[in-house]
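Engineer: First the structure, which I've put down as structure tokens, then a few questions once you've had a look.
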Amino acid sequence: MMKYIRHMLVFSRIVELGSISAAANDLGISKSVISQQLKTLEQELGVLLLKRTTRQQVLTPVGRDFYQQCQQINTLAHQAWDNARYTQQAPSGALSISAPHALIEAVISPAIGTLVSRFNRIIPSIYASDQRVDLIDDNIDIAIRVGELPSSDYRQQLLGSFREVLCASPHYIHQQNLTPVRLKNNPEKLLACDYAANRWQGKSVSHTLTENSSGKTIELAFKPNRFNDSLNAVIAMVKSGAGIALVPDFIFSPAKGKGELLDLFPGFQLPAVPVYAVHAFGGQTPLNVKLAIDTIKKQMKQTLNVP
């Protein structure tokens, strides 16, 4: 049946334009091809659709009914075409985004809020997860991922980067006598401290800190002994004095301003952490996905002051 739909649409153009020659010119197909398609259609149906002479063509009664139904198919095809093109001009429909907890409040929700305020036909769903989701199995349109990514068939777009800070609460620093001078001269002292980690970090983590002024590096390897399922939980634990942790600088800065957290190695910095948007649409990216990624990238630059 499907292979004859094109023949049905050709038949409609013959009727509407009044001749095989006119239909051939309109469709950019030779008259012989048009004639053959009409002949094949009539043979498969076992009925005559058009009575043709050298001067005119007349629909048979069966041909008249058949033409009306072909018109309905043609109308539906045009509607489907127009609707698909419209979604690329006026973005709409569901949009699912997965992102780490740390970026939801600071970047993702504000960005998507800005997007839907402009295009209210977009229906977003934002999922906070520090675990890497499967785009296909979990039906995710965009996954925001932190850190270097392995090569894959998915499209990856760099959104920016941020840095992390190795920090602890003032109470814990005082309790363990972790003054910056002592740590700079004896960084191994930190290895005996409690370390709060997100579960995805595993049971062994290492950090390389570089001194801004001299370029001197410090290598540290930890065995975490406090585990959590989200960065928010890690931060809450460390603020309460339960140990040390790695915290994104855009979260650390306001906490430092409130006296909740302190940098264990002021004057040193950790490597920049890249942030990517990942999707599985290949070259046919829906407009709402393109706009969402662009808006998130802009929000990152504004909020996190990243390149």
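Here's how to read the names in the structure tokens: chain A, B, ... by the order shown, residue numbers from 1 in each chain, ligand numbers from 1 in the order shown.
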Mind running range 132-248 of chain A against range 91-100 of chain A at 10 Å and telling me each contacting residue's nearest atom pair with the distance in Å (one decimal), counting only C-alpha atoms, chain and number ascending, as CSV?

Structural biologist:
residue,atom,partner,partner_atom,distance
A:Arg132,CA,A:Ser98,CA,8.7
A:Val133,CA,A:Ser98,CA,7.5
A:Asp134,CA,A:Ser98,CA,9.9
A:Leu135,CA,A:Ser98,CA,9.0
A:Asp138,CA,A:Ser98,CA,9.7
A:Asn139,CA,A:Ser96,CA,7.6
A:Ile140,CA,A:Ser96,CA,5.2
A:Asp141,CA,A:Ser96,CA,5.2
A:Ile142,CA,A:Ile97,CA,4.8
A:Ala143,CA,A:Ser98,CA,4.8
A:Ile144,CA,A:Ala99,CA,4.7
A:Arg145,CA,A:Ala99,CA,6.7
A:Val146,CA,A:Pro100,CA,7.8
A:Ser230,CA,A:Pro100,CA,8.2
A:Leu231,CA,A:Pro100,CA,8.2
A:Asn232,CA,A:Pro100,CA,9.9

Engineer: Where does DSSP see alpha helix (DSSP H) in range 59-239 of chain A, if you list the residues as number ranges by chain?

Structural biologist: A: 61-89, 101-103, 109-118, 170-176, 180-185, 231-239

Engineer: With distances taken over only C-alpha atoms, which of A:Ile173, A:Leu158, A:Leu220, A:Leu166 is nearest to Ser204 in chain A?

Structural biologist: A:Leu220

Engineer: State, in Å with one decimal place, the distance from CA of Lys223 in chain A to CA of Ser129 in chain A.

Structural biologist: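 Interatomic distance, CA of Lys223 in chain A to CA of Ser129 in chain A: 23.2 Å.
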
Engineer: What does the structure give for the distance between CA of Lys301 in chain A and CA of Thr208 in chain A, in Å to one decimal?

Structural biologist: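 Taking CA of Lys301 in chain A and CA of Thr208 in chain A, their separation equals 25.3 Å.
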
Engineer: If we count only C-alpha atoms, what is near Arg6 in chain A at a cut-off of 12 Å, once residues fewer than 4 positions away on the same chain are taken out, given as a PyMOL selection string?

Structural biologist: chain A and resi 1-2+10-13+27+34+37-38+40-41+70+73-74+77

Engineer: Of the candidates A:Cys193, A:Ile108, A:Met237, A:Ala245, which shows the shortest atom-to-atom distance to Ile293 in chain A, using only C-alpha atoms?

Structural biologist: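 For Ile293 in chain A, the nearest of the candidates is A:Ile108.
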
Engineer: To test your reading of the structure, identify every residue in range 59-258 of chain A that backbone DSSP assigns to strand (DSSP E), and report it as a PyMOL selection string.

Structural biologist: chain A and resi 59+93-99+122-128+142-146+155-162+164-168+196-198+205-211+217-222+226-228+244-248

Engineer: So, counting only C-alpha atoms, which residue among A:Met8, A:Leu76, A:Leu45, A:Ile104 is closest to Val62 in chain A?

Structural biologist: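 Between A:Met8, A:Leu76, A:Leu45, A:Ile104, the residue approaching Val62 in chain A most closely is A:Leu45.
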
Engineer: Kindly indicate which residue among A:Leu178, A:Val58, A:Ala233, A:Ala272 lies nearest to Asp130 in chain A, using only C-alpha atoms for the distances.

Structural biologist: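 When distances to Asp130 in chain A are compared using only C-alpha atoms, the smallest one comes from A:Ala233.
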
Engineer: Between A:Gly267, A:Thr179, A:Tyr195, A:Thr217, single out the one closest to Leu246 in chain A, counting only C-alpha atoms.

Structural biologist: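 Of the candidates, the smallest distance to Leu246 in chain A is held by A:Tyr195.
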
Engineer: Show which residues sit within 12 Å of Ala255 in chain A, as a PyMOL selection string. Count only C-alpha atoms, and ignore same-chain residues fewer than 4 positions away.

Structural biologist: chain A and resi 165+167-170+235-236+238-239+247-251+259-263

Engineer: Between CA of Asn225 in chain A and CA of Leu183 in chain A, what is the spacing in Å?

Structural biologist: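 CA of Leu183 in chain A sits 20.5 Å away from CA of Asn225 in chain A.
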
Engineer: Counting only C-alpha atoms, which residue out of A:Phe265, A:Thr285, A:Ile14, A:Thr53 sits closest to Arg182 in chain A?

Structural biologist: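 Closest to Arg182 in chain A, using only C-alpha atoms: A:Phe265.
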
Engineer: Tell me, as a list of chain:residue names, which residues lie within 8 Å of Gly63 in chain A, counting only C-alpha atoms; anything in the same chain fewer than 6 positions away does not count.

Structural biologist: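 What passes the distance filter is A:Leu48, A:Leu49, A:Leu50.
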